Amino acid sequence: QVQLVESGGGLVQAGGSLRLSCAASGRSFNSYAMGWFRQAPGKEREFVAAITWSGNTYYRDSVKGRFTISRDNAKNTVYLQMNSLEPEDTAVYYCGAAISSKVYGPNSAKGASRYDYWGQGTQVTVSS
């Protein structure tokens, strides 16, 4: 069992930055692929970024060059550094953990159903 707790959300002006954190409890954190998804009001949850146990990273096209996902296995934490934020980035951001064998490439990383555990979410609001 893995429990995930996100933090770091907030209100920021367009062009600003935020860093989200997702702290995981439980053993074998470094054997999980970790992902960030987001959900805006009235929209489906969508993939943002993922990082495999070996450090391979994947991003949705609209955040490439602006967002960076990273992990610190010693701290059981995954991060999402978000720069040059846009109003379209406004959403609740969720952290997910997937058994490593389920996420092995960009297409598999995008599938929310592949993730076994989810956090409660953190709100990110970008004002124009």
# chains A, B, ... in the order shown; residues from 1 in each chain; ligands from 1
>>> select_by_dssp(residues="chain A", states="helix (DSSP H, G or I)", output="PyMOL selection string")
chain A and resi 29-31+61-63+87-89+100-102+106-109+112-114
>>> write_last_selection(atoms="C-alpha atoms", output="PDB file, in the first residue's frame")
ATOM      1  CA  PHE A  29       9.062   3.873  -3.583  1.00  0.00           C
ATOM      2  CA  ASN A  30      11.941   3.587  -6.036  1.00  0.00           C
ATOM      3  CA  SER A  31      10.233   0.666  -7.755  1.00  0.00           C
ATOM      4  CA  ASP A  61       3.201  18.466 -25.445  1.00  0.00           C
ATOM      5  CA  SER A  62       1.730  21.646 -23.967  1.00  0.00           C
ATOM      6  CA  VAL A  63       4.062  21.582 -20.937  1.00  0.00           C
ATOM      7  CA  PRO A  87      -4.139  30.334 -17.213  1.00  0.00           C
ATOM      8  CA  GLU A  88      -4.769  27.091 -19.120  1.00  0.00           C
ATOM      9  CA  ASP A  89      -2.669  25.264 -16.513  1.00  0.00           C
ATOM     10  CA  SER A 100       6.985  -0.094 -12.612  1.00  0.00           C
ATOM     11  CA  SER A 101       6.049  -2.786 -15.133  1.00  0.00           C
ATOM     12  CA  LYS A 102       2.943  -0.819 -16.119  1.00  0.00           C
ATOM     13  CA  PRO A 106       5.339   7.508 -23.357  1.00  0.00           C
ATOM     14  CA  ASN A 107       2.028   5.908 -24.315  1.00  0.00           C
ATOM     15  CA  SER A 108       1.771   3.771 -21.209  1.00  0.00           C
ATOM     16  CA  ALA A 109       2.710   6.744 -19.007  1.00  0.00           C
ATOM     17  CA  ALA A 112      -4.473   7.048 -15.783  1.00  0.00           C
ATOM     18  CA  SER A 113      -5.820   3.508 -15.413  1.00  0.00           C
ATOM     19  CA  ARG A 114      -2.254   2.209 -15.151  1.00  0.00           C
TER      20      ARG A 114
END
>>> residues_around(residues="Ser28 of chain A", least_positions_apart="6", cutoff="12 Å", atoms="only C-alpha atoms", output="PyMOL selection string")
chain A and resi 1-2+53+73-76+97-100
>>> residues_around(residues="segment 6-19 of chain A", least_positions_apart="4", cutoff="10 Å", atoms="only C-alpha atoms", output="CSV table (one decimal) with N, CA, C and O atoms, in the first residue's frame")
chain,number,residue,atom,x,y,z
A,23,ALA,N,4.7,13.4,-1.6
A,23,ALA,CA,5.4,12.6,-0.7
A,23,ALA,C,4.7,11.2,-0.6
A,23,ALA,O,3.5,11.2,-0.4
A,24,ALA,N,5.5,10.2,-0.7
A,24,ALA,CA,4.9,8.8,-0.6
A,24,ALA,C,5.3,8.1,0.6
A,24,ALA,O,6.4,8.2,1.1
A,66,ARG,N,8.5,23.8,-20.2
A,66,ARG,CA,8.0,24.6,-19.1
A,66,ARG,C,8.0,23.9,-17.7
A,66,ARG,O,8.3,24.4,-16.7
A,67,PHE,N,7.6,22.6,-17.8
A,67,PHE,CA,7.5,21.8,-16.6
A,67,PHE,C,8.6,20.7,-16.6
A,67,PHE,O,9.1,20.2,-17.6
A,68,THR,N,9.1,20.4,-15.3
A,68,THR,CA,10.1,19.4,-15.2
A,68,THR,C,9.7,18.5,-14.0
A,68,THR,O,9.4,19.0,-12.9
A,69,ILE,N,9.7,17.2,-14.3
A,69,ILE,CA,9.4,16.2,-13.2
A,69,ILE,C,10.7,15.6,-12.8
A,69,ILE,O,11.6,15.4,-13.6
A,77,THR,N,9.9,11.2,-2.6
A,77,THR,CA,9.2,12.3,-3.1
A,77,THR,C,9.4,12.5,-4.6
A,77,THR,O,10.5,12.4,-5.1
A,78,VAL,N,8.3,12.9,-5.2
A,78,VAL,CA,8.4,13.3,-6.6
A,78,VAL,C,8.0,14.8,-6.7
A,78,VAL,O,7.1,15.2,-6.0
A,79,TYR,N,8.6,15.5,-7.6
A,79,TYR,CA,8.4,16.9,-7.8
A,79,TYR,C,7.9,17.3,-9.2
A,79,TYR,O,8.2,16.6,-10.1
A,80,LEU,N,7.2,18.4,-9.3
A,80,LEU,CA,6.8,18.9,-10.6
A,80,LEU,C,7.1,20.4,-10.5
A,80,LEU,O,6.4,21.2,-9.9
A,81,GLN,N,8.2,20.8,-11.2
A,81,GLN,CA,8.6,22.2,-11.3
A,81,GLN,C,7.8,22.8,-12.5
A,81,GLN,O,8.0,22.3,-13.6
A,82,MET,N,7.0,23.8,-12.2
A,82,MET,CA,6.2,24.4,-13.2
A,82,MET,C,6.6,25.9,-13.4
A,82,MET,O,6.5,26.7,-12.5
A,83,ASN,N,7.1,26.2,-14.6
A,83,ASN,CA,7.6,27.6,-14.9
A,83,ASN,C,6.7,28.1,-16.1
A,83,ASN,O,6.0,27.4,-16.7
A,84,SER,N,6.7,29.4,-16.2
A,84,SER,CA,6.0,30.1,-17.3
A,84,SER,C,4.5,29.6,-17.3
A,84,SER,O,4.0,29.3,-18.4
A,85,LEU,N,3.9,29.6,-16.2
A,85,LEU,CA,2.6,29.1,-16.0
A,85,LEU,C,1.6,30.0,-16.8
A,85,LEU,O,1.7,31.2,-17.0
A,86,GLU,N,0.6,29.3,-17.3
A,86,GLU,CA,-0.5,29.9,-18.2
A,86,GLU,C,-1.8,29.7,-17.5
A,86,GLU,O,-2.0,28.7,-16.8
A,87,PRO,N,-2.8,30.6,-17.8
A,87,PRO,CA,-4.1,30.3,-17.2
A,87,PRO,C,-4.7,29.0,-17.6
A,87,PRO,O,-5.4,28.4,-16.8
A,88,GLU,N,-4.3,28.4,-18.7
A,88,GLU,CA,-4.8,27.1,-19.1
A,88,GLU,C,-4.2,26.0,-18.2
A,88,GLU,O,-4.7,24.8,-18.3
A,89,ASP,N,-3.2,26.3,-17.4
A,89,ASP,CA,-2.7,25.3,-16.5
A,89,ASP,C,-3.5,25.1,-15.2
A,89,ASP,O,-3.2,24.3,-14.4
A,90,THR,N,-4.5,26.0,-15.1
A,90,THR,CA,-5.3,26.0,-13.9
A,90,THR,C,-6.1,24.6,-13.8
A,90,THR,O,-6.8,24.2,-14.7
A,91,ALA,N,-5.9,24.0,-12.7
A,91,ALA,CA,-6.5,22.6,-12.5
A,91,ALA,C,-6.2,22.1,-11.1
A,91,ALA,O,-5.3,22.7,-10.4
A,92,VAL,N,-6.8,21.0,-10.7
A,92,VAL,CA,-6.4,20.3,-9.5
A,92,VAL,C,-5.3,19.3,-10.1
A,92,VAL,O,-5.6,18.5,-11.0
A,93,TYR,N,-4.2,19.3,-9.4
A,93,TYR,CA,-3.1,18.4,-9.9
A,93,TYR,C,-3.0,17.2,-8.9
A,93,TYR,O,-3.0,17.3,-7.7
A,94,TYR,N,-2.9,16.0,-9.5
A,94,TYR,CA,-2.9,14.8,-8.8
A,94,TYR,C,-1.6,14.0,-9.1
A,94,TYR,O,-1.1,14.0,-10.2
A,95,CYS,N,-1.1,13.4,-8.0
A,95,CYS,CA,0.1,12.5,-8.1
A,95,CYS,C,-0.4,11.1,-8.1
A,95,CYS,O,-1.3,10.7,-7.4
A,96,GLY,N,0.2,10.3,-9.0
A,96,GLY,CA,-0.1,8.9,-9.1
A,96,GLY,C,1.1,8.0,-9.0
A,96,GLY,O,2.2,8.4,-9.5
A,118,TRP,N,-3.3,7.1,-5.8
A,118,TRP,CA,-3.5,8.5,-6.1
A,118,TRP,C,-3.5,9.3,-4.8
A,118,TRP,O,-4.0,8.8,-3.8
A,119,GLY,N,-3.0,10.5,-5.0
A,119,GLY,CA,-3.2,11.5,-3.9
A,119,GLY,C,-4.5,12.2,-3.9
A,119,GLY,O,-5.3,12.0,-4.8
A,120,GLN,N,-4.7,13.1,-3.0
A,120,GLN,CA,-6.0,13.8,-2.9
A,120,GLN,C,-6.0,15.0,-3.8
A,120,GLN,O,-7.1,15.6,-4.0
A,121,GLY,N,-4.9,15.5,-4.3
A,121,GLY,CA,-4.9,16.6,-5.3
A,121,GLY,C,-4.5,17.9,-4.6
A,121,GLY,O,-4.7,18.1,-3.4
A,122,THR,N,-3.9,18.8,-5.4
A,122,THR,CA,-3.6,20.2,-4.9
A,122,THR,C,-4.0,21.1,-6.0
A,122,THR,O,-3.8,20.9,-7.2
A,123,GLN,N,-4.7,22.2,-5.6
A,123,GLN,CA,-5.2,23.2,-6.5
A,123,GLN,C,-4.1,24.1,-7.0
A,123,GLN,O,-3.4,24.7,-6.2
A,124,VAL,N,-4.1,24.3,-8.3
A,124,VAL,CA,-3.2,25.3,-9.0
A,124,VAL,C,-4.1,26.3,-9.7
A,124,VAL,O,-4.9,25.8,-10.6
A,125,THR,N,-4.0,27.5,-9.4
A,125,THR,CA,-4.8,28.6,-10.1
A,125,THR,C,-3.8,29.6,-10.7
A,125,THR,O,-3.0,30.2,-9.9
A,126,VAL,N,-3.9,29.8,-12.0
A,126,VAL,CA,-3.1,30.8,-12.7
A,126,VAL,C,-3.9,31.9,-13.2
A,126,VAL,O,-4.8,31.7,-14.0
A,127,SER,N,-3.7,33.1,-12.7
A,127,SER,CA,-4.5,34.3,-13.1
A,127,SER,C,-3.8,35.0,-14.2
A,127,SER,O,-2.6,35.0,-14.4
A,128,SER,N,-4.7,35.6,-15.1
A,128,SER,CA,-4.2,36.3,-16.3
A,128,SER,C,-3.9,37.7,-16.0
A,128,SER,O,-4.2,38.3,-14.9
>>> select_by_dssp(residues="chain A", states="strand (DSSP E)", output="number ranges by chain")
A: 3-7, 10-13, 18-25, 32-39, 46-51, 57-59, 67-72, 77-82, 91-99, 117-118, 122-127
>>> closest_residue(among="A:Ala40, A:Val103, A:Ala49, A:Val5", to="Ser25 of chain A", atoms="only C-alpha atoms")
A:Val5
>>> residues_around(residues="Gly105 of chain A", least_positions_apart="4", cutoff="9 Å", atoms="only C-alpha atoms", output="PyMOL selection string")
chain A and resi 52+56-58+109-110
>>> write_last_selection(atoms="all heavy atoms", output="short mmCIF file (atom, residue, chain, number, x, y, z; two decimals), in the first residue's frame")
data_model
loop_
_atom_site.label_atom_id
_atom_site.label_comp_id
_atom_site.auth_asym_id
_atom_site.auth_seq_id
_atom_site.Cartn_x
_atom_site.Cartn_y
_atom_site.Cartn_z
N THR A 52 9.83 7.30 -14.72
CA THR A 52 9.92 5.88 -14.39
C THR A 52 10.87 5.65 -13.22
O THR A 52 11.56 6.58 -12.76
CB THR A 52 10.41 5.08 -15.60
OG1 THR A 52 11.77 5.47 -15.90
CG2 THR A 52 9.53 5.33 -16.82
N ASN A 56 13.52 7.83 -16.59
CA ASN A 56 13.01 8.31 -17.88
C ASN A 56 11.80 9.20 -17.65
O ASN A 56 10.96 8.91 -16.80
CB ASN A 56 12.63 7.14 -18.77
CG ASN A 56 13.82 6.33 -19.21
OD1 ASN A 56 14.91 6.86 -19.41
ND2 ASN A 56 13.65 5.03 -19.36
N THR A 57 11.72 10.28 -18.40
CA THR A 57 10.64 11.24 -18.20
C THR A 57 9.80 11.41 -19.46
O THR A 57 10.31 11.29 -20.58
CB THR A 57 11.18 12.61 -17.76
OG1 THR A 57 12.10 13.09 -18.76
CG2 THR A 57 11.88 12.51 -16.43
N TYR A 58 8.52 11.72 -19.26
CA TYR A 58 7.58 11.92 -20.36
C TYR A 58 6.69 13.10 -20.00
O TYR A 58 6.34 13.29 -18.84
CB TYR A 58 6.72 10.67 -20.58
CG TYR A 58 7.54 9.41 -20.70
CD1 TYR A 58 7.63 8.51 -19.64
CD2 TYR A 58 8.25 9.13 -21.86
CE1 TYR A 58 8.38 7.36 -19.74
CE2 TYR A 58 9.01 7.97 -21.96
CZ TYR A 58 9.08 7.11 -20.89
OH TYR A 58 9.85 5.97 -20.99
N ALA A 109 2.65 5.74 -20.08
CA ALA A 109 2.71 6.74 -19.01
C ALA A 109 1.46 7.61 -18.97
O ALA A 109 1.08 8.12 -17.91
CB ALA A 109 3.94 7.63 -19.17
N LYS A 110 0.81 7.78 -20.11
CA LYS A 110 -0.35 8.68 -20.21
C LYS A 110 -1.64 8.07 -19.72
O LYS A 110 -2.63 8.78 -19.55
CB LYS A 110 -0.52 9.12 -21.66
CG LYS A 110 0.65 9.90 -22.22
CD LYS A 110 0.48 10.17 -23.71
CE LYS A 110 1.68 10.88 -24.28
NZ LYS A 110 1.56 11.10 -25.75
#
>>> residues_around(residues="Phe47 of chain A", least_positions_apart="4", cutoff="9 Å", atoms="only C-alpha atoms", output="ChimeraX atom specification")
/A:35-38,59-60,109-112
>>> write_last_selection(atoms="N, CA and C atoms", output="short mmCIF file (atom, residue, chain, number, x, y, z; two decimals), in the first residue's frame")
data_model
loop_
_atom_site.label_atom_id
_atom_site.label_comp_id
_atom_site.auth_asym_id
_atom_site.auth_seq_id
_atom_site.Cartn_x
_atom_site.Cartn_y
_atom_site.Cartn_z
N GLY A 35 3.58 9.69 -11.63
CA GLY A 35 3.02 10.57 -12.64
C GLY A 35 2.25 11.73 -12.04
N TRP A 36 2.16 12.79 -12.80
CA TRP A 36 1.31 13.93 -12.45
C TRP A 36 0.21 14.04 -13.50
N PHE A 37 -1.01 14.18 -13.02
CA PHE A 37 -2.17 14.40 -13.87
C PHE A 37 -2.88 15.66 -13.35
N ARG A 38 -3.77 16.19 -14.16
CA ARG A 38 -4.54 17.36 -13.71
C ARG A 38 -5.95 17.27 -14.23
N TYR A 59 6.31 13.89 -21.03
CA TYR A 59 5.50 15.08 -20.82
C TYR A 59 4.41 15.20 -21.88
N ARG A 60 3.31 15.85 -21.51
CA ARG A 60 2.34 16.22 -22.54
C ARG A 60 2.94 17.38 -23.32
N ALA A 109 2.65 5.74 -20.08
CA ALA A 109 2.71 6.74 -19.01
C ALA A 109 1.46 7.61 -18.97
N LYS A 110 0.81 7.78 -20.11
CA LYS A 110 -0.35 8.68 -20.21
C LYS A 110 -1.64 8.07 -19.72
N GLY A 111 -1.66 6.78 -19.48
CA GLY A 111 -2.90 6.11 -19.11
C GLY A 111 -3.17 6.16 -17.63
N ALA A 112 -4.16 6.92 -17.20
CA ALA A 112 -4.47 7.05 -15.78
C ALA A 112 -4.83 5.70 -15.16
#
